[in-house]
>>> print(open('coords02.cif').read())   # mmCIF, N, CA and C atoms; chains and numbers go by the auth columns
data_structure
#
loop_
_atom_site.group_PDB
_atom_site.id
_atom_site.type_symbol
_atom_site.label_atom_id
_atom_site.label_comp_id
_atom_site.label_asym_id
_atom_site.label_seq_id
_atom_site.Cartn_x
_atom_site.Cartn_y
_atom_site.Cartn_z
_atom_site.B_iso_or_equiv
_atom_site.auth_seq_id
_atom_site.auth_asym_id
ATOM 1 N N MET A 1 13.086 6.627 -2.874 0.00 1 A
ATOM 2 C CA MET A 1 14.036 5.556 -2.809 0.00 1 A
ATOM 3 C C MET A 1 13.571 4.374 -3.657 0.00 1 A
ATOM 4 N N THR A 2 12.256 4.161 -3.697 0.00 2 A
ATOM 5 C CA THR A 2 11.735 3.043 -4.486 0.00 2 A
ATOM 6 C C THR A 2 12.119 3.195 -5.952 0.00 2 A
ATOM 7 N N LYS A 3 11.929 4.376 -6.484 0.00 3 A
ATOM 8 C CA LYS A 3 12.267 4.601 -7.892 0.00 3 A
ATOM 9 C C LYS A 3 13.776 4.483 -8.108 0.00 3 A
ATOM 10 N N TYR A 4 14.548 4.999 -7.172 0.00 4 A
ATOM 11 C CA TYR A 4 16.002 4.899 -7.283 0.00 4 A
ATOM 12 C C TYR A 4 16.447 3.439 -7.291 0.00 4 A
ATOM 13 N N PHE A 5 16.001 2.668 -6.291 0.00 5 A
ATOM 14 C CA PHE A 5 16.409 1.266 -6.211 0.00 5 A
ATOM 15 C C PHE A 5 15.885 0.451 -7.388 0.00 5 A
ATOM 16 N N SER A 6 14.701 0.799 -7.863 0.00 6 A
ATOM 17 C CA SER A 6 14.162 0.034 -8.989 0.00 6 A
ATOM 18 C C SER A 6 15.012 0.226 -10.243 0.00 6 A
ATOM 19 N N THR A 7 15.548 1.415 -10.443 0.00 7 A
ATOM 20 C CA THR A 7 16.422 1.630 -11.602 0.00 7 A
ATOM 21 C C THR A 7 17.818 1.075 -11.352 0.00 7 A
ATOM 22 N N LEU A 8 18.298 1.165 -10.129 0.00 8 A
ATOM 23 C CA LEU A 8 19.629 0.661 -9.795 0.00 8 A
ATOM 24 C C LEU A 8 19.738 -0.849 -9.986 0.00 8 A
ATOM 25 N N PHE A 9 18.689 -1.576 -9.594 0.00 9 A
ATOM 26 C CA PHE A 9 18.743 -3.034 -9.624 0.00 9 A
ATOM 27 C C PHE A 9 17.990 -3.671 -10.793 0.00 9 A
ATOM 28 N N ALA A 10 17.408 -2.880 -11.668 0.00 10 A
ATOM 29 C CA ALA A 10 16.619 -3.429 -12.776 0.00 10 A
ATOM 30 C C ALA A 10 17.442 -4.369 -13.652 0.00 10 A
ATOM 31 N N SER A 11 18.676 -4.021 -13.915 0.00 11 A
ATOM 32 C CA SER A 11 19.503 -4.870 -14.783 0.00 11 A
ATOM 33 C C SER A 11 19.841 -6.217 -14.134 0.00 11 A
ATOM 34 N N SER A 12 19.661 -6.303 -12.822 0.00 12 A
ATOM 35 C CA SER A 12 19.888 -7.568 -12.101 0.00 12 A
ATOM 36 C C SER A 12 18.594 -8.350 -11.924 0.00 12 A
ATOM 37 N N ASN A 13 17.526 -7.886 -12.588 0.00 13 A
ATOM 38 C CA ASN A 13 16.206 -8.522 -12.517 0.00 13 A
ATOM 39 C C ASN A 13 15.610 -8.489 -11.109 0.00 13 A
ATOM 40 N N VAL A 14 15.911 -7.411 -10.385 0.00 14 A
ATOM 41 C CA VAL A 14 15.344 -7.198 -9.047 0.00 14 A
ATOM 42 C C VAL A 14 14.311 -6.086 -9.161 0.00 14 A
ATOM 43 N N ARG A 15 13.118 -6.341 -8.648 0.00 15 A
ATOM 44 C CA ARG A 15 12.049 -5.348 -8.683 0.00 15 A
ATOM 45 C C ARG A 15 11.891 -4.708 -7.313 0.00 15 A
ATOM 46 N N CYS A 16 11.624 -3.419 -7.290 0.00 16 A
ATOM 47 C CA CYS A 16 11.419 -2.697 -6.036 0.00 16 A
ATOM 48 C C CYS A 16 10.109 -1.920 -6.145 0.00 16 A
ATOM 49 N N ASN A 17 9.184 -2.229 -5.272 0.00 17 A
ATOM 50 C CA ASN A 17 7.892 -1.554 -5.237 0.00 17 A
ATOM 51 C C ASN A 17 7.570 -1.207 -3.795 0.00 17 A
ATOM 52 N N LEU A 18 6.633 -0.314 -3.623 0.00 18 A
ATOM 53 C CA LEU A 18 6.268 0.179 -2.296 0.00 18 A
ATOM 54 C C LEU A 18 4.770 0.050 -2.101 0.00 18 A
ATOM 55 N N LEU A 19 4.369 -0.435 -0.951 0.00 19 A
ATOM 56 C CA LEU A 19 2.965 -0.489 -0.568 0.00 19 A
ATOM 57 C C LEU A 19 2.733 0.605 0.469 0.00 19 A
ATOM 58 N N SER A 20 1.779 1.485 0.217 0.00 20 A
ATOM 59 C CA SER A 20 1.471 2.570 1.142 0.00 20 A
ATOM 60 C C SER A 20 0.041 2.413 1.644 0.00 20 A
ATOM 61 N N PRO A 21 -0.127 1.750 2.775 0.00 21 A
ATOM 62 C CA PRO A 21 -1.480 1.589 3.303 0.00 21 A
ATOM 63 C C PRO A 21 -1.944 2.843 4.025 0.00 21 A
ATOM 64 N N GLY A 22 -3.251 3.014 4.063 0.00 22 A
ATOM 65 C CA GLY A 22 -3.841 4.055 4.890 0.00 22 A
ATOM 66 C C GLY A 22 -3.828 3.575 6.332 0.00 22 A
ATOM 67 N N PRO A 23 -4.588 4.231 7.184 0.00 23 A
ATOM 68 C CA PRO A 23 -4.619 3.820 8.593 0.00 23 A
ATOM 69 C C PRO A 23 -5.078 2.365 8.731 0.00 23 A
ATOM 70 N N VAL A 24 -4.282 1.577 9.421 0.00 24 A
ATOM 71 C CA VAL A 24 -4.580 0.163 9.626 0.00 24 A
ATOM 72 C C VAL A 24 -5.220 -0.010 10.998 0.00 24 A
ATOM 73 N N PHE A 25 -6.351 -0.695 11.030 0.00 25 A
ATOM 74 C CA PHE A 25 -7.070 -0.916 12.290 0.00 25 A
ATOM 75 C C PHE A 25 -6.242 -1.782 13.231 0.00 25 A
ATOM 76 N N HIS A 26 -5.973 -1.239 14.431 0.00 26 A
ATOM 77 C CA HIS A 26 -5.253 -2.017 15.440 0.00 26 A
ATOM 78 C C HIS A 26 -5.387 -1.341 16.809 0.00 26 A
ATOM 79 N N LYS A 27 -6.484 -1.540 17.457 0.00 27 A
ATOM 80 C CA LYS A 27 -6.691 -1.099 18.843 0.00 27 A
ATOM 81 C C LYS A 27 -6.512 0.405 19.061 0.00 27 A
ATOM 82 N N GLN A 28 -6.839 1.228 18.065 0.00 28 A
ATOM 83 C CA GLN A 28 -6.767 2.672 18.248 0.00 28 A
ATOM 84 C C GLN A 28 -7.836 3.118 19.243 0.00 28 A
ATOM 85 N N PRO A 29 -7.562 4.183 19.984 0.00 29 A
ATOM 86 C CA PRO A 29 -8.612 4.747 20.828 0.00 29 A
ATOM 87 C C PRO A 29 -9.806 5.159 19.968 0.00 29 A
ATOM 88 N N LYS A 30 -10.991 5.100 20.548 0.00 30 A
ATOM 89 C CA LYS A 30 -12.219 5.366 19.794 0.00 30 A
ATOM 90 C C LYS A 30 -12.205 6.749 19.130 0.00 30 A
ATOM 91 N N ASP A 31 -11.718 7.772 19.837 0.00 31 A
ATOM 92 C CA ASP A 31 -11.674 9.119 19.255 0.00 31 A
ATOM 93 C C ASP A 31 -10.793 9.171 18.010 0.00 31 A
ATOM 94 N N LEU A 32 -9.634 8.537 18.085 0.00 32 A
ATOM 95 C CA LEU A 32 -8.731 8.511 16.930 0.00 32 A
ATOM 96 C C LEU A 32 -9.365 7.725 15.790 0.00 32 A
ATOM 97 N N LYS A 33 -9.957 6.591 16.098 0.00 33 A
ATOM 98 C CA LYS A 33 -10.601 5.785 15.065 0.00 33 A
ATOM 99 C C LYS A 33 -11.703 6.584 14.366 0.00 33 A
ATOM 100 N N ASN A 34 -12.528 7.273 15.129 0.00 34 A
ATOM 101 C CA ASN A 34 -13.597 8.081 14.532 0.00 34 A
ATOM 102 C C ASN A 34 -13.036 9.197 13.662 0.00 34 A
ATOM 103 N N HIS A 35 -11.947 9.811 14.101 0.00 35 A
ATOM 104 C CA HIS A 35 -11.311 10.870 13.308 0.00 35 A
ATOM 105 C C HIS A 35 -10.802 10.306 11.978 0.00 35 A
ATOM 106 N N LEU A 36 -10.132 9.160 12.040 0.00 36 A
ATOM 107 C CA LEU A 36 -9.619 8.535 10.822 0.00 36 A
ATOM 108 C C LEU A 36 -10.745 8.108 9.896 0.00 36 A
ATOM 109 N N LEU A 37 -11.807 7.573 10.457 0.00 37 A
ATOM 110 C CA LEU A 37 -12.956 7.155 9.647 0.00 37 A
ATOM 111 C C LEU A 37 -13.596 8.336 8.933 0.00 37 A
ATOM 112 N N SER A 38 -13.643 9.486 9.598 0.00 38 A
ATOM 113 C CA SER A 38 -14.258 10.669 8.987 0.00 38 A
ATOM 114 C C SER A 38 -13.444 11.199 7.816 0.00 38 A
ATOM 115 N N ARG A 39 -12.200 10.797 7.711 0.00 39 A
ATOM 116 C CA ARG A 39 -11.324 11.262 6.636 0.00 39 A
ATOM 117 C C ARG A 39 -11.031 10.184 5.595 0.00 39 A
ATOM 118 N N THR A 40 -11.740 9.082 5.646 0.00 40 A
ATOM 119 C CA THR A 40 -11.529 7.990 4.700 0.00 40 A
ATOM 120 C C THR A 40 -12.811 7.758 3.913 0.00 40 A
ATOM 121 N N PRO A 41 -12.793 7.998 2.589 0.00 41 A
ATOM 122 C CA PRO A 41 -14.005 7.861 1.783 0.00 41 A
ATOM 123 C C PRO A 41 -14.708 6.505 1.905 0.00 41 A
ATOM 124 N N MET A 42 -13.979 5.429 2.087 0.00 42 A
ATOM 125 C CA MET A 42 -14.618 4.115 2.196 0.00 42 A
ATOM 126 C C MET A 42 -15.272 3.911 3.549 0.00 42 A
ATOM 127 N N GLY A 43 -15.016 4.794 4.504 0.00 43 A
ATOM 128 C CA GLY A 43 -15.679 4.732 5.796 0.00 43 A
ATOM 129 C C GLY A 43 -15.231 3.595 6.702 0.00 43 A
ATOM 130 N N ARG A 44 -14.023 3.090 6.467 0.00 44 A
ATOM 131 C CA ARG A 44 -13.480 2.057 7.350 0.00 44 A
ATOM 132 C C ARG A 44 -11.965 2.135 7.321 0.00 44 A
ATOM 133 N N LEU A 45 -11.348 1.478 8.283 0.00 45 A
ATOM 134 C CA LEU A 45 -9.898 1.426 8.318 0.00 45 A
ATOM 135 C C LEU A 45 -9.419 0.182 7.583 0.00 45 A
ATOM 136 N N CYS A 46 -8.174 0.224 7.164 0.00 46 A
ATOM 137 C CA CYS A 46 -7.565 -0.900 6.471 0.00 46 A
ATOM 138 C C CYS A 46 -7.383 -2.064 7.445 0.00 46 A
ATOM 139 N N LEU A 47 -7.654 -3.241 6.975 0.00 47 A
ATOM 140 C CA LEU A 47 -7.371 -4.461 7.731 0.00 47 A
ATOM 141 C C LEU A 47 -6.137 -5.108 7.116 0.00 47 A
ATOM 142 N N PRO A 48 -5.323 -5.802 7.903 0.00 48 A
ATOM 143 C CA PRO A 48 -4.144 -6.448 7.324 0.00 48 A
ATOM 144 C C PRO A 48 -4.467 -7.315 6.099 0.00 48 A
ATOM 145 N N LYS A 49 -5.612 -7.968 6.106 0.00 49 A
ATOM 146 C CA LYS A 49 -5.965 -8.820 4.961 0.00 49 A
ATOM 147 C C LYS A 49 -6.244 -8.007 3.689 0.00 49 A
ATOM 148 N N ASP A 50 -6.489 -6.695 3.823 0.00 50 A
ATOM 149 C CA ASP A 50 -6.695 -5.849 2.654 0.00 50 A
ATOM 150 C C ASP A 50 -5.405 -5.676 1.844 0.00 50 A
ATOM 151 N N LEU A 51 -4.281 -5.940 2.453 0.00 51 A
ATOM 152 C CA LEU A 51 -2.984 -5.790 1.788 0.00 51 A
ATOM 153 C C LEU A 51 -2.531 -7.079 1.101 0.00 51 A
ATOM 154 N N THR A 52 -3.100 -8.180 1.505 0.00 52 A
ATOM 155 C CA THR A 52 -2.637 -9.495 1.074 0.00 52 A
ATOM 156 C C THR A 52 -2.642 -9.689 -0.438 0.00 52 A
ATOM 157 N N GLY A 53 -3.732 -9.359 -1.092 0.00 53 A
ATOM 158 C CA GLY A 53 -3.835 -9.585 -2.534 0.00 53 A
ATOM 159 C C GLY A 53 -2.763 -8.845 -3.314 0.00 53 A
ATOM 160 N N THR A 54 -2.507 -7.607 -2.946 0.00 54 A
ATOM 161 C CA THR A 54 -1.480 -6.824 -3.632 0.00 54 A
ATOM 162 C C THR A 54 -0.092 -7.379 -3.354 0.00 54 A
ATOM 163 N N LEU A 55 0.151 -7.783 -2.112 0.00 55 A
ATOM 164 C CA LEU A 55 1.449 -8.376 -1.778 0.00 55 A
ATOM 165 C C LEU A 55 1.682 -9.677 -2.544 0.00 55 A
ATOM 166 N N ILE A 56 0.649 -10.484 -2.661 0.00 56 A
ATOM 167 C CA ILE A 56 0.780 -11.736 -3.421 0.00 56 A
ATOM 168 C C ILE A 56 1.064 -11.428 -4.889 0.00 56 A
ATOM 169 N N PHE A 57 0.327 -10.474 -5.442 0.00 57 A
ATOM 170 C CA PHE A 57 0.546 -10.081 -6.836 0.00 57 A
ATOM 171 C C PHE A 57 1.989 -9.619 -7.054 0.00 57 A
ATOM 172 N N LEU A 58 2.474 -8.743 -6.169 0.00 58 A
ATOM 173 C CA LEU A 58 3.826 -8.210 -6.342 0.00 58 A
ATOM 174 C C LEU A 58 4.910 -9.264 -6.149 0.00 58 A
ATOM 175 N N SER A 59 4.610 -10.306 -5.407 0.00 59 A
ATOM 176 C CA SER A 59 5.639 -11.308 -5.127 0.00 59 A
ATOM 177 C C SER A 59 5.642 -12.485 -6.103 0.00 59 A
ATOM 178 N N ASN A 60 4.736 -12.484 -7.066 0.00 60 A
ATOM 179 C CA ASN A 60 4.750 -13.603 -8.014 0.00 60 A
ATOM 180 C C ASN A 60 5.114 -13.138 -9.419 0.00 60 A
ATOM 181 N N LYS A 61 5.269 -14.080 -10.315 0.00 61 A
ATOM 182 C CA LYS A 61 5.745 -13.771 -11.661 0.00 61 A
ATOM 183 C C LYS A 61 4.750 -12.987 -12.511 0.00 61 A
ATOM 184 N N ASP A 62 3.496 -12.896 -12.086 0.00 62 A
ATOM 185 C CA ASP A 62 2.514 -12.123 -12.842 0.00 62 A
ATOM 186 C C ASP A 62 2.844 -10.630 -12.860 0.00 62 A
ATOM 187 N N SER A 63 3.699 -10.198 -11.947 0.00 63 A
ATOM 188 C CA SER A 63 4.059 -8.781 -11.885 0.00 63 A
ATOM 189 C C SER A 63 5.524 -8.563 -12.245 0.00 63 A
ATOM 190 N N LYS A 64 6.082 -9.429 -13.057 0.00 64 A
ATOM 191 C CA LYS A 64 7.518 -9.377 -13.329 0.00 64 A
ATOM 192 C C LYS A 64 7.968 -8.127 -14.076 0.00 64 A
ATOM 193 N N PHE A 65 7.042 -7.338 -14.599 0.00 65 A
ATOM 194 C CA PHE A 65 7.403 -6.104 -15.297 0.00 65 A
ATOM 195 C C PHE A 65 7.001 -4.865 -14.488 0.00 65 A
ATOM 196 N N VAL A 66 6.594 -5.075 -13.246 0.00 66 A
ATOM 197 C CA VAL A 66 6.189 -3.976 -12.372 0.00 66 A
ATOM 198 C C VAL A 66 7.354 -3.632 -11.448 0.00 66 A
ATOM 199 N N THR A 67 7.847 -2.415 -11.553 0.00 67 A
ATOM 200 C CA THR A 67 8.913 -1.967 -10.671 0.00 67 A
ATOM 201 C C THR A 67 8.855 -0.449 -10.513 0.00 67 A
ATOM 202 N N GLY A 68 9.301 0.024 -9.373 0.00 68 A
ATOM 203 C CA GLY A 68 9.336 1.464 -9.108 0.00 68 A
ATOM 204 C C GLY A 68 7.992 2.071 -8.767 0.00 68 A
ATOM 205 N N GLN A 69 7.026 1.263 -8.362 0.00 69 A
ATOM 206 C CA GLN A 69 5.672 1.750 -8.115 0.00 69 A
ATOM 207 C C GLN A 69 5.372 1.914 -6.637 0.00 69 A
ATOM 208 N N ASN A 70 4.631 2.958 -6.333 0.00 70 A
ATOM 209 C CA ASN A 70 4.087 3.172 -4.994 0.00 70 A
ATOM 210 C C ASN A 70 2.594 2.875 -5.095 0.00 70 A
ATOM 211 N N ILE A 71 2.170 1.785 -4.520 0.00 71 A
ATOM 212 C CA ILE A 71 0.774 1.365 -4.618 0.00 71 A
ATOM 213 C C ILE A 71 0.046 1.791 -3.349 0.00 71 A
ATOM 214 N N LEU A 72 -0.925 2.679 -3.522 0.00 72 A
ATOM 215 C CA LEU A 72 -1.708 3.195 -2.398 0.00 72 A
ATOM 216 C C LEU A 72 -2.871 2.272 -2.105 0.00 72 A
ATOM 217 N N ILE A 73 -2.990 1.864 -0.881 0.00 73 A
ATOM 218 C CA ILE A 73 -4.116 1.045 -0.428 0.00 73 A
ATOM 219 C C ILE A 73 -4.664 1.762 0.800 0.00 73 A
ATOM 220 N N ASP A 74 -5.482 2.775 0.531 0.00 74 A
ATOM 221 C CA ASP A 74 -5.864 3.680 1.610 0.00 74 A
ATOM 222 C C ASP A 74 -7.341 4.022 1.652 0.00 74 A
ATOM 223 N N GLY A 75 -8.162 3.270 0.957 0.00 75 A
ATOM 224 C CA GLY A 75 -9.600 3.522 0.984 0.00 75 A
ATOM 225 C C GLY A 75 -9.992 4.858 0.394 0.00 75 A
ATOM 226 N N GLY A 76 -9.137 5.424 -0.452 0.00 76 A
ATOM 227 C CA GLY A 76 -9.423 6.713 -1.083 0.00 76 A
ATOM 228 C C GLY A 76 -8.963 7.916 -0.277 0.00 76 A
ATOM 229 N N LYS A 77 -8.275 7.706 0.819 0.00 77 A
ATOM 230 C CA LYS A 77 -7.868 8.807 1.716 0.00 77 A
ATOM 231 C C LYS A 77 -7.029 9.859 0.994 0.00 77 A
ATOM 232 N N THR A 78 -6.151 9.454 0.100 0.00 78 A
ATOM 233 C CA THR A 78 -5.261 10.435 -0.559 0.00 78 A
ATOM 234 C C THR A 78 -5.926 11.202 -1.691 0.00 78 A
ATOM 235 N N ILE A 79 -7.150 10.841 -2.064 0.00 79 A
ATOM 236 C CA ILE A 79 -7.792 11.563 -3.171 0.00 79 A
ATOM 237 C C ILE A 79 -8.678 12.701 -2.694 0.00 79 A
ATOM 238 N N ILE A 80 -8.836 12.827 -1.379 0.00 80 A
ATOM 239 C CA ILE A 80 -9.675 13.942 -0.895 0.00 80 A
ATOM 240 C C ILE A 80 -8.845 15.050 -0.311 0.00 80 A
#
>>> encode(input="coords02.cif", output="structure tokens")
Amino acid sequence: MTKYFSTLFASSNVRCNLLSPGPVFHKQPKDLKNHLLSRTPMGRLCLPKDLTGTLIFLSNKDSKFVTGQNILIDGGKTII
């Protein structure tokens, strides 16, 4: 849908991008947290502040030519 909307609205100067975070730390049971940690190369879960820099970049004029992108912020989880 991101790619579709990015092409549909590009002529109106509207950008559409997607942020795909890995597991975000938020009171998970210890067993689940350990399972997720064992499958994440960086050895930790995503914190909400880990998304901030990318969100700021995408929302300002420095990224005015970026559209239709799925940006993975997952500590390397999708590469293994």
>>> resolve_selection(input="coords02.cif", expression="the PyMOL selection byres (((chain A and resi 25-34 and name CA) around 9) and name CA)", output="ChimeraX atom specification")
/A:23-24,35-39,44-48
>>> closest_residue(input="coords02.cif", among="A:Lys49, A:Ile73, A:Ile80, A:Gly68", to="Pro21 (chain A)", atoms="only N, CA and C atoms")
A:Ile73
>>> atom_distance(input="coords02.cif", atom1="CA of Ser20 (chain A)", atom2="CA of Thr40 (chain A)")
14.5 Å
>>> select_by_dssp(input="coords02.cif", residues="chain A", states="strand (DSSP E)", output="ChimeraX atom specification")
/A:18-21,70-73
>>> atom_distance(input="coords02.cif", atom1="atom C of Ile79 (chain A)", atom2="atom C of Pro41 (chain A)")
9.8 Å
>>> select_by_dssp(input="coords02.cif", residues="chain A", states="helix (DSSP H, G or I)", output="number ranges by chain")
A: 2-12, 30-38, 49-59, 61-63, 77-79
>>> atom_distance(input="coords02.cif", atom1="atom C of Leu72 (chain A)", atom2="atom N of Gly53 (chain A)")
11.7 Å
>>> closest_residue(input="coords02.cif", among="A:Val14, A:Gly76, A:Leu8, A:Met1", to="Leu58 (chain A)", atoms="only C-alpha atoms")
A:Val14
>>> residues_around(input="coords02.cif", residues="Thr67 (chain A)", least_positions_apart="2", cutoff="6 Å", atoms="all atoms listed in the file", output="list of chain:residue names")
A:Ser6, A:Arg15, A:Cys16, A:Asn17, A:Phe65, A:Gln69
>>> closest_residue(input="coords02.cif", among="A:Ile71, A:Gly22, A:Phe5, A:Lys77", to="Thr54 (chain A)", atoms="only C-alpha atoms")
A:Ile71
>>> axis_aligned_box(input="coords02.cif", around="region 70-76 of chain A", padding_each_side="5 Å", output="AutoDock Vina command-line options")
--center_x -2.7 --center_y 4.5 --center_z -2.3 --size_x 24.6 --size_y 16.9 --size_z 18.0
>>> closest_residue(input="coords02.cif", among="A:Asp74, A:Asn60, A:Ser12, A:Leu19", to="Met42 (chain A)", atoms="only N, CA and C atoms")
A:Asp74
